[in-house]
Structures are given as C-alpha cells and as structure tokens.
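Data block for protein_35.txt (compact mmCIF, N, CA and C atoms):
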# COMPACT_ATOMS: atom_id res chain seq x y z
N PHE A 1 119.56 141.45 61.80
CA PHE A 1 118.48 140.55 62.19
C PHE A 1 118.49 139.31 61.31
N ALA A 2 118.16 138.20 61.90
CA ALA A 2 118.19 136.93 61.18
C ALA A 2 117.12 136.85 60.10
N HIS A 3 116.00 137.53 60.30
CA HIS A 3 114.93 137.45 59.30
C HIS A 3 115.32 138.09 57.97
N SER A 4 116.47 138.75 57.92
CA SER A 4 116.93 139.34 56.67
C SER A 4 117.32 138.27 55.64
N VAL A 5 117.52 137.02 56.08
CA VAL A 5 117.86 135.95 55.13
C VAL A 5 116.61 135.32 54.52
N ASP A 6 115.45 135.63 55.06
CA ASP A 6 114.21 135.10 54.52
C ASP A 6 113.83 135.89 53.27
N PRO A 7 113.39 135.19 52.22
CA PRO A 7 113.03 135.90 50.97
C PRO A 7 111.97 136.98 51.16
N GLN A 8 111.06 136.78 52.13
CA GLN A 8 109.99 137.76 52.36
C GLN A 8 110.20 138.57 53.64
N GLY A 9 111.33 138.39 54.29
CA GLY A 9 111.62 139.16 55.49
C GLY A 9 110.83 138.73 56.72
N SER A 10 110.27 137.54 56.70
CA SER A 10 109.47 137.05 57.82
C SER A 10 110.39 136.47 58.90
N TYR A 11 109.96 136.52 60.15
CA TYR A 11 110.76 135.91 61.20
C TYR A 11 110.37 134.46 61.46
N ALA A 12 109.40 133.92 60.73
CA ALA A 12 109.02 132.51 60.86
C ALA A 12 108.81 131.94 59.46
N ARG A 13 109.36 130.77 59.24
CA ARG A 13 109.26 130.13 57.92
C ARG A 13 108.90 128.66 58.12
N LEU A 14 107.82 128.23 57.49
CA LEU A 14 107.41 126.83 57.50
C LEU A 14 107.98 126.16 56.25
N ILE A 15 108.77 125.12 56.45
CA ILE A 15 109.37 124.38 55.34
C ILE A 15 108.85 122.96 55.44
N TRP A 16 108.02 122.55 54.47
CA TRP A 16 107.41 121.23 54.57
C TRP A 16 107.31 120.58 53.20
N SER A 17 107.18 119.26 53.23
CA SER A 17 106.94 118.49 52.02
C SER A 17 106.21 117.22 52.41
N ALA A 18 105.66 116.56 51.42
CA ALA A 18 104.93 115.32 51.67
C ALA A 18 105.87 114.12 51.73
N ARG A 19 107.10 114.31 51.31
CA ARG A 19 108.06 113.20 51.32
C ARG A 19 109.34 113.61 52.03
N PRO A 20 110.01 112.64 52.66
CA PRO A 20 111.30 112.95 53.28
C PRO A 20 112.38 113.12 52.21
N ARG A 21 113.51 113.70 52.61
CA ARG A 21 114.68 113.85 51.74
C ARG A 21 114.42 114.76 50.54
N MET A 22 113.68 115.83 50.77
CA MET A 22 113.37 116.76 49.68
C MET A 22 114.15 118.08 49.82
N GLY A 23 115.11 118.14 50.73
CA GLY A 23 115.94 119.33 50.87
C GLY A 23 115.47 120.36 51.87
N LYS A 24 114.60 119.96 52.80
CA LYS A 24 114.10 120.91 53.79
C LYS A 24 115.22 121.38 54.72
N SER A 25 116.00 120.44 55.24
CA SER A 25 117.12 120.81 56.13
C SER A 25 118.18 121.60 55.37
N LEU A 26 118.37 121.27 54.12
CA LEU A 26 119.33 121.99 53.29
C LEU A 26 118.91 123.45 53.12
N CYS A 27 117.62 123.69 53.00
CA CYS A 27 117.10 125.05 52.89
C CYS A 27 117.45 125.85 54.15
N VAL A 28 117.27 125.24 55.32
CA VAL A 28 117.61 125.91 56.58
C VAL A 28 119.12 126.16 56.65
N LYS A 29 119.89 125.16 56.23
CA LYS A 29 121.35 125.30 56.24
C LYS A 29 121.80 126.46 55.35
N ARG A 30 121.18 126.59 54.18
CA ARG A 30 121.52 127.68 53.27
C ARG A 30 121.19 129.05 53.88
N MET A 31 120.06 129.13 54.59
CA MET A 31 119.73 130.39 55.28
C MET A 31 120.80 130.73 56.31
N GLY A 32 121.27 129.70 57.02
CA GLY A 32 122.33 129.91 58.00
C GLY A 32 123.62 130.38 57.36
N GLU A 33 123.95 129.83 56.19
CA GLU A 33 125.16 130.25 55.48
C GLU A 33 125.06 131.69 55.02
N ILE A 34 123.89 132.09 54.53
CA ILE A 34 123.68 133.48 54.10
C ILE A 34 123.81 134.42 55.29
N PHE A 35 123.20 134.03 56.41
CA PHE A 35 123.28 134.88 57.60
C PHE A 35 124.73 134.97 58.09
N GLN A 36 125.43 133.84 58.03
CA GLN A 36 126.82 133.80 58.48
C GLN A 36 127.69 134.75 57.66
N GLN A 37 127.43 134.83 56.37
CA GLN A 37 128.18 135.74 55.51
C GLN A 37 127.86 137.19 55.84
N LYS A 38 126.60 137.49 56.12
CA LYS A 38 126.20 138.86 56.41
C LYS A 38 126.68 139.31 57.79
N ALA A 39 126.58 138.43 58.78
CA ALA A 39 126.85 138.83 60.16
C ALA A 39 128.23 138.40 60.66
N VAL A 40 128.94 137.62 59.89
CA VAL A 40 130.26 137.10 60.26
C VAL A 40 130.20 136.49 61.67
N THR A 41 129.45 135.42 61.78
CA THR A 41 129.29 134.73 63.06
C THR A 41 129.45 133.23 62.87
N ASP A 42 129.75 132.54 63.94
CA ASP A 42 129.90 131.09 63.89
C ASP A 42 128.55 130.41 64.09
N SER A 43 128.32 129.37 63.36
CA SER A 43 127.12 128.51 63.44
C SER A 43 125.90 129.22 64.04
N PRO A 44 125.19 129.96 63.22
CA PRO A 44 124.05 130.73 63.73
C PRO A 44 122.80 129.89 63.97
N ILE A 45 122.82 128.58 63.61
CA ILE A 45 121.61 127.75 63.67
C ILE A 45 121.61 126.86 64.92
N LEU A 46 120.49 126.86 65.60
CA LEU A 46 120.23 125.92 66.69
C LEU A 46 119.11 125.00 66.22
N THR A 47 119.43 123.72 66.04
CA THR A 47 118.43 122.75 65.60
C THR A 47 117.88 122.01 66.81
N ILE A 48 116.56 122.02 66.94
CA ILE A 48 115.89 121.32 68.04
C ILE A 48 114.98 120.27 67.44
N PRO A 49 115.35 118.99 67.58
CA PRO A 49 114.48 117.93 67.07
C PRO A 49 113.28 117.72 67.99
N ILE A 50 112.12 117.55 67.40
CA ILE A 50 110.91 117.25 68.16
C ILE A 50 110.38 115.94 67.59
N HIS A 51 110.72 114.85 68.28
CA HIS A 51 110.43 113.52 67.74
C HIS A 51 109.45 112.70 68.57
N GLY A 52 109.02 113.18 69.71
CA GLY A 52 107.94 112.53 70.44
C GLY A 52 108.34 111.42 71.36
N PRO A 53 107.39 110.76 71.94
CA PRO A 53 105.97 110.70 71.62
C PRO A 53 105.16 111.91 72.09
N VAL A 54 105.77 112.81 72.88
CA VAL A 54 105.10 114.05 73.28
C VAL A 54 106.07 115.20 73.06
N VAL A 55 105.54 116.41 73.03
CA VAL A 55 106.40 117.59 72.93
C VAL A 55 106.99 117.84 74.31
N GLU A 56 108.29 117.67 74.43
CA GLU A 56 108.97 117.80 75.73
C GLU A 56 109.45 119.23 75.92
N ILE A 57 108.61 120.02 76.56
CA ILE A 57 108.90 121.44 76.76
C ILE A 57 110.19 121.64 77.56
N GLU A 58 110.42 120.82 78.57
CA GLU A 58 111.62 120.95 79.40
C GLU A 58 112.89 120.81 78.56
N ARG A 59 112.91 119.80 77.69
CA ARG A 59 114.09 119.56 76.85
C ARG A 59 114.26 120.70 75.83
N ILE A 60 113.16 121.18 75.27
CA ILE A 60 113.22 122.28 74.32
C ILE A 60 113.75 123.55 75.00
N LEU A 61 113.28 123.80 76.23
CA LEU A 61 113.76 124.96 76.98
C LEU A 61 115.26 124.87 77.24
N GLU A 62 115.75 123.68 77.54
CA GLU A 62 117.20 123.50 77.75
C GLU A 62 117.97 123.91 76.51
N HIS A 63 117.49 123.50 75.35
CA HIS A 63 118.14 123.87 74.10
C HIS A 63 118.08 125.39 73.88
N LEU A 64 116.91 125.97 74.08
CA LEU A 64 116.74 127.40 73.83
C LEU A 64 117.58 128.26 74.77
N CYS A 65 117.79 127.79 75.99
CA CYS A 65 118.54 128.57 76.98
C CYS A 65 120.05 128.34 76.89
N GLN A 66 120.51 127.45 76.00
CA GLN A 66 121.94 127.16 75.87
C GLN A 66 122.75 128.37 75.42
N GLY A 67 122.24 129.07 74.50
CA GLY A 67 123.00 130.20 73.96
C GLY A 67 122.15 130.98 73.00
N LEU A 68 122.67 132.10 72.59
CA LEU A 68 121.90 132.97 71.71
C LEU A 68 122.25 132.68 70.26
N LYS A 69 121.48 131.83 69.63
CA LYS A 69 121.62 131.56 68.20
C LYS A 69 120.61 132.43 67.47
N LYS A 70 120.87 132.72 66.24
CA LYS A 70 120.00 133.62 65.50
C LYS A 70 118.92 132.91 64.70
N ILE A 71 119.17 131.67 64.29
CA ILE A 71 118.17 130.91 63.56
C ILE A 71 117.81 129.68 64.38
N ILE A 72 116.57 129.60 64.80
CA ILE A 72 116.09 128.46 65.58
C ILE A 72 115.34 127.54 64.63
N HIS A 73 115.81 126.31 64.52
CA HIS A 73 115.28 125.34 63.56
C HIS A 73 114.58 124.23 64.35
N PHE A 74 113.26 124.18 64.26
CA PHE A 74 112.49 123.11 64.88
C PHE A 74 112.28 122.02 63.84
N ASP A 75 112.89 120.87 64.06
CA ASP A 75 112.79 119.73 63.15
C ASP A 75 111.73 118.79 63.71
N ILE A 76 110.54 118.84 63.13
CA ILE A 76 109.38 118.11 63.67
C ILE A 76 109.17 116.82 62.90
N ALA A 77 109.15 115.72 63.63
CA ALA A 77 108.95 114.40 63.04
C ALA A 77 107.52 114.27 62.50
N PRO A 78 107.33 113.46 61.45
CA PRO A 78 105.99 113.30 60.88
C PRO A 78 104.95 112.84 61.91
N SER A 79 105.36 112.02 62.87
CA SER A 79 104.42 111.53 63.88
C SER A 79 104.01 112.62 64.87
N MET A 80 104.73 113.73 64.90
CA MET A 80 104.47 114.79 65.88
C MET A 80 103.71 115.98 65.31
N VAL A 81 103.46 116.00 64.02
CA VAL A 81 102.84 117.17 63.38
C VAL A 81 101.52 117.54 64.04
N ARG A 82 100.72 116.56 64.39
CA ARG A 82 99.40 116.86 64.97
C ARG A 82 99.47 117.34 66.42
N TYR A 83 100.64 117.25 67.06
CA TYR A 83 100.76 117.60 68.48
C TYR A 83 101.49 118.91 68.75
N VAL A 84 101.94 119.60 67.74
CA VAL A 84 102.78 120.77 67.96
C VAL A 84 102.05 122.10 67.84
N THR A 85 100.77 122.10 67.58
CA THR A 85 100.04 123.35 67.35
C THR A 85 100.13 124.30 68.53
N SER A 86 99.86 123.85 69.73
CA SER A 86 99.89 124.75 70.89
C SER A 86 101.32 125.17 71.20
N PHE A 87 102.28 124.27 70.99
CA PHE A 87 103.69 124.62 71.18
C PHE A 87 104.10 125.74 70.22
N LEU A 88 103.77 125.58 68.94
CA LEU A 88 104.13 126.61 67.95
C LEU A 88 103.41 127.93 68.23
N PHE A 89 102.17 127.85 68.70
CA PHE A 89 101.44 129.07 69.07
C PHE A 89 102.17 129.80 70.19
N SER A 90 102.61 129.06 71.20
CA SER A 90 103.32 129.67 72.33
C SER A 90 104.61 130.33 71.89
N VAL A 91 105.36 129.64 71.03
CA VAL A 91 106.66 130.17 70.60
C VAL A 91 106.51 131.31 69.62
N LEU A 92 105.68 131.13 68.58
CA LEU A 92 105.63 132.10 67.49
C LEU A 92 104.69 133.26 67.71
N VAL A 93 103.56 133.02 68.35
CA VAL A 93 102.58 134.10 68.54
C VAL A 93 102.77 134.78 69.90
N LEU A 94 102.79 133.97 70.96
CA LEU A 94 102.96 134.56 72.29
C LEU A 94 104.40 134.95 72.56
N GLY A 95 105.34 134.24 71.92
CA GLY A 95 106.76 134.56 72.11
C GLY A 95 107.28 134.18 73.47
N HIS A 96 106.68 133.16 74.06
CA HIS A 96 107.03 132.78 75.43
C HIS A 96 106.86 131.28 75.60
N LEU A 97 107.74 130.69 76.38
CA LEU A 97 107.65 129.26 76.67
C LEU A 97 108.10 129.06 78.11
N SER A 98 107.35 128.29 78.89
CA SER A 98 107.74 128.01 80.27
C SER A 98 107.39 126.57 80.61
N ASP A 99 108.05 126.05 81.65
CA ASP A 99 107.78 124.68 82.07
C ASP A 99 107.27 124.66 83.51
N HIS A 100 107.01 123.47 84.01
CA HIS A 100 106.46 123.33 85.36
C HIS A 100 107.49 123.63 86.45
N LYS A 101 108.77 123.72 86.10
CA LYS A 101 109.83 124.04 87.07
C LYS A 101 109.98 125.55 87.27
N GLY A 102 109.27 126.33 86.47
CA GLY A 102 109.34 127.78 86.59
C GLY A 102 110.33 128.43 85.64
N ARG A 103 111.01 127.64 84.84
CA ARG A 103 111.93 128.20 83.86
C ARG A 103 111.12 128.83 82.72
N ALA A 104 111.60 129.94 82.23
CA ALA A 104 110.88 130.64 81.17
C ALA A 104 111.87 131.09 80.10
N TRP A 105 111.35 131.17 78.89
CA TRP A 105 112.13 131.64 77.75
C TRP A 105 111.26 132.64 77.01
N ARG A 106 111.89 133.67 76.49
CA ARG A 106 111.16 134.68 75.73
C ARG A 106 111.83 134.85 74.37
N ARG A 107 111.02 134.97 73.36
CA ARG A 107 111.52 135.09 71.98
C ARG A 107 112.32 136.38 71.81
N GLU A 108 113.43 136.26 71.10
CA GLU A 108 114.26 137.41 70.76
C GLU A 108 113.78 137.97 69.43
N LEU A 109 113.66 139.26 69.34
CA LEU A 109 113.19 139.88 68.10
C LEU A 109 114.18 139.70 66.95
N ALA A 110 115.45 139.50 67.25
CA ALA A 110 116.46 139.35 66.21
C ALA A 110 116.57 137.93 65.67
N GLN A 111 115.79 137.00 66.22
CA GLN A 111 115.87 135.61 65.80
C GLN A 111 114.88 135.29 64.69
N MET A 112 115.20 134.23 63.94
CA MET A 112 114.30 133.69 62.93
C MET A 112 113.98 132.26 63.32
N TYR A 113 112.77 131.83 63.03
CA TYR A 113 112.32 130.48 63.39
C TYR A 113 111.95 129.71 62.14
N CYS A 114 112.61 128.58 61.93
CA CYS A 114 112.32 127.70 60.81
C CYS A 114 111.66 126.45 61.35
N ILE A 115 110.48 126.15 60.86
CA ILE A 115 109.75 124.96 61.27
C ILE A 115 109.78 124.00 60.11
N GLU A 116 110.47 122.87 60.31
CA GLU A 116 110.61 121.87 59.26
C GLU A 116 109.75 120.66 59.60
N MET A 117 108.94 120.21 58.63
CA MET A 117 108.13 119.02 58.87
C MET A 117 107.83 118.29 57.57
N THR A 118 107.76 116.98 57.71
CA THR A 118 107.30 116.11 56.63
C THR A 118 105.90 115.68 56.99
N VAL A 119 104.96 115.87 56.10
CA VAL A 119 103.57 115.57 56.44
C VAL A 119 103.01 114.48 55.53
N SER A 120 102.16 113.67 56.11
CA SER A 120 101.48 112.64 55.33
C SER A 120 100.20 113.23 54.75
N LYS A 121 99.56 112.50 53.88
CA LYS A 121 98.34 113.00 53.23
C LYS A 121 97.26 113.33 54.24
N GLY A 122 97.14 112.53 55.30
CA GLY A 122 96.09 112.74 56.29
C GLY A 122 96.31 113.94 57.18
N VAL A 123 97.51 114.49 57.19
CA VAL A 123 97.83 115.59 58.10
C VAL A 123 97.93 116.93 57.36
N LYS A 124 97.74 116.95 56.06
CA LYS A 124 97.92 118.18 55.28
C LYS A 124 96.99 119.30 55.72
N LYS A 125 95.77 118.97 56.17
CA LYS A 125 94.85 120.02 56.65
C LYS A 125 95.43 120.71 57.87
N LYS A 126 96.03 119.94 58.77
CA LYS A 126 96.63 120.50 59.99
C LYS A 126 97.77 121.44 59.62
N VAL A 127 98.60 121.03 58.68
CA VAL A 127 99.70 121.87 58.23
C VAL A 127 99.16 123.11 57.55
N GLY A 128 98.08 122.98 56.81
CA GLY A 128 97.45 124.14 56.20
C GLY A 128 97.04 125.16 57.24
N ALA A 129 96.52 124.69 58.37
CA ALA A 129 96.13 125.58 59.46
C ALA A 129 97.35 126.27 60.05
N ILE A 130 98.44 125.53 60.23
CA ILE A 130 99.67 126.12 60.75
C ILE A 130 100.21 127.14 59.75
N HIS A 131 100.15 126.81 58.48
CA HIS A 131 100.64 127.72 57.43
C HIS A 131 99.82 129.02 57.44
N GLN A 132 98.49 128.91 57.61
CA GLN A 132 97.66 130.10 57.67
C GLN A 132 98.01 130.95 58.89
N LEU A 133 98.34 130.28 60.02
CA LEU A 133 98.75 130.99 61.22
C LEU A 133 100.05 131.76 60.94
N LEU A 134 101.01 131.12 60.27
CA LEU A 134 102.29 131.76 59.99
C LEU A 134 102.12 132.95 59.02
N LYS A 135 101.11 132.92 58.18
CA LYS A 135 100.89 134.05 57.26
C LYS A 135 100.52 135.31 58.03
N LEU A 136 99.98 135.16 59.22
CA LEU A 136 99.59 136.31 60.03
C LEU A 136 100.78 136.99 60.70
N LEU A 137 101.90 136.26 60.78
CA LEU A 137 103.05 136.79 61.49
C LEU A 137 103.87 137.71 60.59
N PRO A 138 104.52 138.71 61.21
CA PRO A 138 105.37 139.61 60.41
C PRO A 138 106.65 138.92 59.98
Could you write out this file's structure as structure tokens?
Amino acid sequence: FAHSVDPQGSYARLIWSARPRMGKSLCVKRMGEIFQQKAVTDSPILTIPIHGPVVEIERILEHLCQGLKKIIHFDIAPSMVRYVTSFLFSVLVLGHLSDHKGRAWRRELAQMYCIEMTVSKGVKKKVGAIHQLLKLLP
C-alpha cells in the first residue's frame, strides 16, 4: 500500500507552507522514491495541477482515469485554496468523484493522496480547517 511511505501511515497528507519553493514537491517526490524502492514500480506518482480559475472536475477525472498510480499528488495553486474544500471532501472523505457527463471515479484503498498548497496569511484559517479534516482520516 502506498500509505506505507507516510511517516504516520495515513493515506492523505497535507503539505503546505506560507512561501513558495520550500520543498513541498520535493517531499512528494521523496515519498514516490521510497514507494518505488519498496514496490519496484515505475513512476508511482500522478501529479494533478489545480490552478483555476475554477476546480475543473472533468479534467481531474481524465487524469485520475488515465491509469492506476499509487500516489496521487494534487498541486493546488495559492489562488485556488479557498475553492477546493468540497472537492477535497469528495475525494478524501466520500472517496468518489463524478462529473455532469456521468463519468465516475472511486478512490482506491491502496492509494495515497498528497495535497500540496502554498497559502497566504489570509487563507491560513481555511487550511487549518482542511488540516483538521485530514486529522480525522485514517
């Protein structure tokens, strides 16, 4: 299972900082390298950028349905932090995502989800709420 690379064994990890270029993506890359050594697999990470101006569920579903990767990395732009709460709830808590075309995706138990975001001072409360939500997850 991919969550075996997480220090606490969680299947969801929030990686954030108040400034860009602080090694958030490098942290995800290192988790992928550890998993690759354990599972002997090619490129276990699927990175999905979420840059806005809205959360494009159709585009995210296309990425998720491409193939079975073990570490799903959501790279959320600072301008999008306030708009991803319901999306993250659907993916991490409900474990399901669907679009208006009828396409659906369901979370795999063997996958790990890394949420990377850079937050400004005004958005830290929102990230705190997301962090509290992630603490509830196994």
Exercise for the section: Rounded to one decimal place, report the atom N of Glu58 (chain A)-CA of Ile115 (chain A) distance in Å. Expected result: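 A separation of 17.8 Å between them.
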For region 60-65 of chain A, take all atoms listed in the file, fit an axis-aligned box around them, add 3 Å to each of the six sides, then output centre and edge lengths in Å rounded to one decimal, as JSON.
{"center_x": 116.6, "center_y": 124.9, "center_z": 75.8, "size_x": 12.9, "size_y": 13.4, "size_z": 9.9}
Practice task
Work out how far apart CA of Gly102 (chain A) and CA of Ile60 (chain A) are and give it in Å to one decimal.
Solution key: 14.0 Å
Write down as a short mmCIF file (atom, residue, chain, number, x, y, z; two decimals) with N, CA and C atoms, keeping the file's coordinate frame the residues belonging to chain A that are assigned alpha helix (DSSP H) by DSSP computed on the backbone.
data_model
loop_
_atom_site.label_atom_id
_atom_site.label_comp_id
_atom_site.auth_asym_id
_atom_site.auth_seq_id
_atom_site.Cartn_x
_atom_site.Cartn_y
_atom_site.Cartn_z
N LYS A 24 114.60 119.96 52.80
CA LYS A 24 114.10 120.91 53.79
C LYS A 24 115.22 121.38 54.72
N SER A 25 116.00 120.44 55.24
CA SER A 25 117.12 120.81 56.13
C SER A 25 118.18 121.60 55.37
N LEU A 26 118.37 121.27 54.12
CA LEU A 26 119.33 121.99 53.29
C LEU A 26 118.91 123.45 53.12
N CYS A 27 117.62 123.69 53.00
CA CYS A 27 117.10 125.05 52.89
C CYS A 27 117.45 125.85 54.15
N VAL A 28 117.27 125.24 55.32
CA VAL A 28 117.61 125.91 56.58
C VAL A 28 119.12 126.16 56.65
N LYS A 29 119.89 125.16 56.23
CA LYS A 29 121.35 125.30 56.24
C LYS A 29 121.80 126.46 55.35
N ARG A 30 121.18 126.59 54.18
CA ARG A 30 121.52 127.68 53.27
C ARG A 30 121.19 129.05 53.88
N MET A 31 120.06 129.13 54.59
CA MET A 31 119.73 130.39 55.28
C MET A 31 120.80 130.73 56.31
N GLY A 32 121.27 129.70 57.02
CA GLY A 32 122.33 129.91 58.00
C GLY A 32 123.62 130.38 57.36
N GLU A 33 123.95 129.83 56.19
CA GLU A 33 125.16 130.25 55.48
C GLU A 33 125.06 131.69 55.02
N ILE A 34 123.89 132.09 54.53
CA ILE A 34 123.68 133.48 54.10
C ILE A 34 123.81 134.42 55.29
N PHE A 35 123.20 134.03 56.41
CA PHE A 35 123.28 134.88 57.60
C PHE A 35 124.73 134.97 58.09
N GLN A 36 125.43 133.84 58.03
CA GLN A 36 126.82 133.80 58.48
C GLN A 36 127.69 134.75 57.66
N GLN A 37 127.43 134.83 56.37
CA GLN A 37 128.18 135.74 55.51
C GLN A 37 127.86 137.19 55.84
N LYS A 38 126.60 137.49 56.12
CA LYS A 38 126.20 138.86 56.41
C LYS A 38 126.68 139.31 57.79
N ALA A 39 126.58 138.43 58.78
CA ALA A 39 126.85 138.83 60.16
C ALA A 39 128.23 138.40 60.66
N ILE A 57 108.61 120.02 76.56
CA ILE A 57 108.90 121.44 76.76
C ILE A 57 110.19 121.64 77.56
N GLU A 58 110.42 120.82 78.57
CA GLU A 58 111.62 120.95 79.40
C GLU A 58 112.89 120.81 78.56
N ARG A 59 112.91 119.80 77.69
CA ARG A 59 114.09 119.56 76.85
C ARG A 59 114.26 120.70 75.83
N ILE A 60 113.16 121.18 75.27
CA ILE A 60 113.22 122.28 74.32
C ILE A 60 113.75 123.55 75.00
N LEU A 61 113.28 123.80 76.23
CA LEU A 61 113.76 124.96 76.98
C LEU A 61 115.26 124.87 77.24
N GLU A 62 115.75 123.68 77.54
CA GLU A 62 117.20 123.50 77.75
C GLU A 62 117.97 123.91 76.51
N HIS A 63 117.49 123.50 75.35
CA HIS A 63 118.14 123.87 74.10
C HIS A 63 118.08 125.39 73.88
N LEU A 64 116.91 125.97 74.08
CA LEU A 64 116.74 127.40 73.83
C LEU A 64 117.58 128.26 74.77
N THR A 85 100.77 122.10 67.58
CA THR A 85 100.04 123.35 67.35
C THR A 85 100.13 124.30 68.53
N SER A 86 99.86 123.85 69.73
CA SER A 86 99.89 124.75 70.89
C SER A 86 101.32 125.17 71.20
N PHE A 87 102.28 124.27 70.99
CA PHE A 87 103.69 124.62 71.18
C PHE A 87 104.10 125.74 70.22
N LEU A 88 103.77 125.58 68.94
CA LEU A 88 104.13 126.61 67.95
C LEU A 88 103.41 127.93 68.23
N LYS A 124 97.74 116.95 56.06
CA LYS A 124 97.92 118.18 55.28
C LYS A 124 96.99 119.30 55.72
N LYS A 125 95.77 118.97 56.17
CA LYS A 125 94.85 120.02 56.65
C LYS A 125 95.43 120.71 57.87
N LYS A 126 96.03 119.94 58.77
CA LYS A 126 96.63 120.50 59.99
C LYS A 126 97.77 121.44 59.62
N VAL A 127 98.60 121.03 58.68
CA VAL A 127 99.70 121.87 58.23
C VAL A 127 99.16 123.11 57.55
N GLY A 128 98.08 122.98 56.81
CA GLY A 128 97.45 124.14 56.20
C GLY A 128 97.04 125.16 57.24
N ALA A 129 96.52 124.69 58.37
CA ALA A 129 96.13 125.58 59.46
C ALA A 129 97.35 126.27 60.05
N ILE A 130 98.44 125.53 60.23
CA ILE A 130 99.67 126.12 60.75
C ILE A 130 100.21 127.14 59.75
N HIS A 131 100.15 126.81 58.48
CA HIS A 131 100.64 127.72 57.43
C HIS A 131 99.82 129.02 57.44
N GLN A 132 98.49 128.91 57.61
CA GLN A 132 97.66 130.10 57.67
C GLN A 132 98.01 130.95 58.89
N LEU A 133 98.34 130.28 60.02
CA LEU A 133 98.75 130.99 61.22
C LEU A 133 100.05 131.76 60.94
N LEU A 134 101.01 131.12 60.27
CA LEU A 134 102.29 131.76 59.99
C LEU A 134 102.12 132.95 59.02
N LYS A 135 101.11 132.92 58.18
CA LYS A 135 100.89 134.05 57.26
C LYS A 135 100.52 135.31 58.03
#
Practice task
Measuring atom to atom with all atoms listed in the file, identify which of A:Ile50, A:Val55, A:Gly23, A:Val119 is nearest to Phe87 (chain A).
Solution key: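 Between A:Ile50, A:Val55, A:Gly23, A:Val119, the residue approaching Phe87 (chain A) most closely is A:Val55.
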Could you build a table of the residues in region 23-131 of chain A lying no more than 6 Å from region 10-18 of chain A, giving for each the nearest pair of atoms and their separation in Å rounded to one decimal place, using only C-alpha atoms, ordered by chain and ascending residue number, as JSON lines?
{"residue": "A:Met112", "atom": "CA", "partner": "A:Tyr11", "partner_atom": "CA", "distance": 4.5}
{"residue": "A:Tyr113", "atom": "CA", "partner": "A:Ala12", "partner_atom": "CA", "distance": 4.6}
{"residue": "A:Cys114", "atom": "CA", "partner": "A:Arg13", "partner_atom": "CA", "distance": 4.9}
{"residue": "A:Ile115", "atom": "CA", "partner": "A:Leu14", "partner_atom": "CA", "distance": 4.8}
{"residue": "A:Glu116", "atom": "CA", "partner": "A:Ile15", "partner_atom": "CA", "distance": 4.8}
{"residue": "A:Met117", "atom": "CA", "partner": "A:Trp16", "partner_atom": "CA", "distance": 4.9}
{"residue": "A:Thr118", "atom": "CA", "partner": "A:Ser17", "partner_atom": "CA", "distance": 5.2}
{"residue": "A:Val119", "atom": "CA", "partner": "A:Ala18", "partner_atom": "CA", "distance": 5.0}
{"residue": "A:Ser120", "atom": "CA", "partner": "A:Ala18", "partner_atom": "CA", "distance": 5.7}
How would region 41-52 of chain A look with N, CA, C and O atoms restored, written as a short mmCIF file (atom, residue, chain, number, x, y, z; two decimals), keeping the file's coordinate frame?
data_model
loop_
_atom_site.label_atom_id
_atom_site.label_comp_id
_atom_site.auth_asym_id
_atom_site.auth_seq_id
_atom_site.Cartn_x
_atom_site.Cartn_y
_atom_site.Cartn_z
N THR A 41 129.45 135.42 61.78
CA THR A 41 129.29 134.73 63.06
C THR A 41 129.45 133.23 62.87
O THR A 41 129.32 132.73 61.76
N ASP A 42 129.75 132.54 63.94
CA ASP A 42 129.90 131.09 63.89
C ASP A 42 128.55 130.41 64.09
O ASP A 42 127.77 130.82 64.93
N SER A 43 128.32 129.37 63.36
CA SER A 43 127.12 128.51 63.44
C SER A 43 125.90 129.22 64.04
O SER A 43 125.61 129.06 65.21
N PRO A 44 125.19 129.96 63.22
CA PRO A 44 124.05 130.73 63.73
C PRO A 44 122.80 129.89 63.97
O PRO A 44 121.81 130.39 64.49
N ILE A 45 122.82 128.58 63.61
CA ILE A 45 121.61 127.75 63.67
C ILE A 45 121.61 126.86 64.92
O ILE A 45 122.59 126.20 65.22
N LEU A 46 120.49 126.86 65.60
CA LEU A 46 120.23 125.92 66.69
C LEU A 46 119.11 125.00 66.22
O LEU A 46 117.99 125.45 66.00
N THR A 47 119.43 123.72 66.04
CA THR A 47 118.43 122.75 65.60
C THR A 47 117.88 122.01 66.81
O THR A 47 118.65 121.45 67.60
N ILE A 48 116.56 122.02 66.94
CA ILE A 48 115.89 121.32 68.04
C ILE A 48 114.98 120.27 67.44
O ILE A 48 113.96 120.60 66.85
N PRO A 49 115.35 118.99 67.58
CA PRO A 49 114.48 117.93 67.07
C PRO A 49 113.28 117.72 67.99
O PRO A 49 113.42 117.73 69.21
N ILE A 50 112.12 117.55 67.40
CA ILE A 50 110.91 117.25 68.16
C ILE A 50 110.38 115.94 67.59
O ILE A 50 109.72 115.93 66.55
N HIS A 51 110.72 114.85 68.28
CA HIS A 51 110.43 113.52 67.74
C HIS A 51 109.45 112.70 68.57
O HIS A 51 109.13 111.60 68.19
N GLY A 52 109.02 113.18 69.71
CA GLY A 52 107.94 112.53 70.44
C GLY A 52 108.34 111.42 71.36
O GLY A 52 109.51 111.22 71.58
#
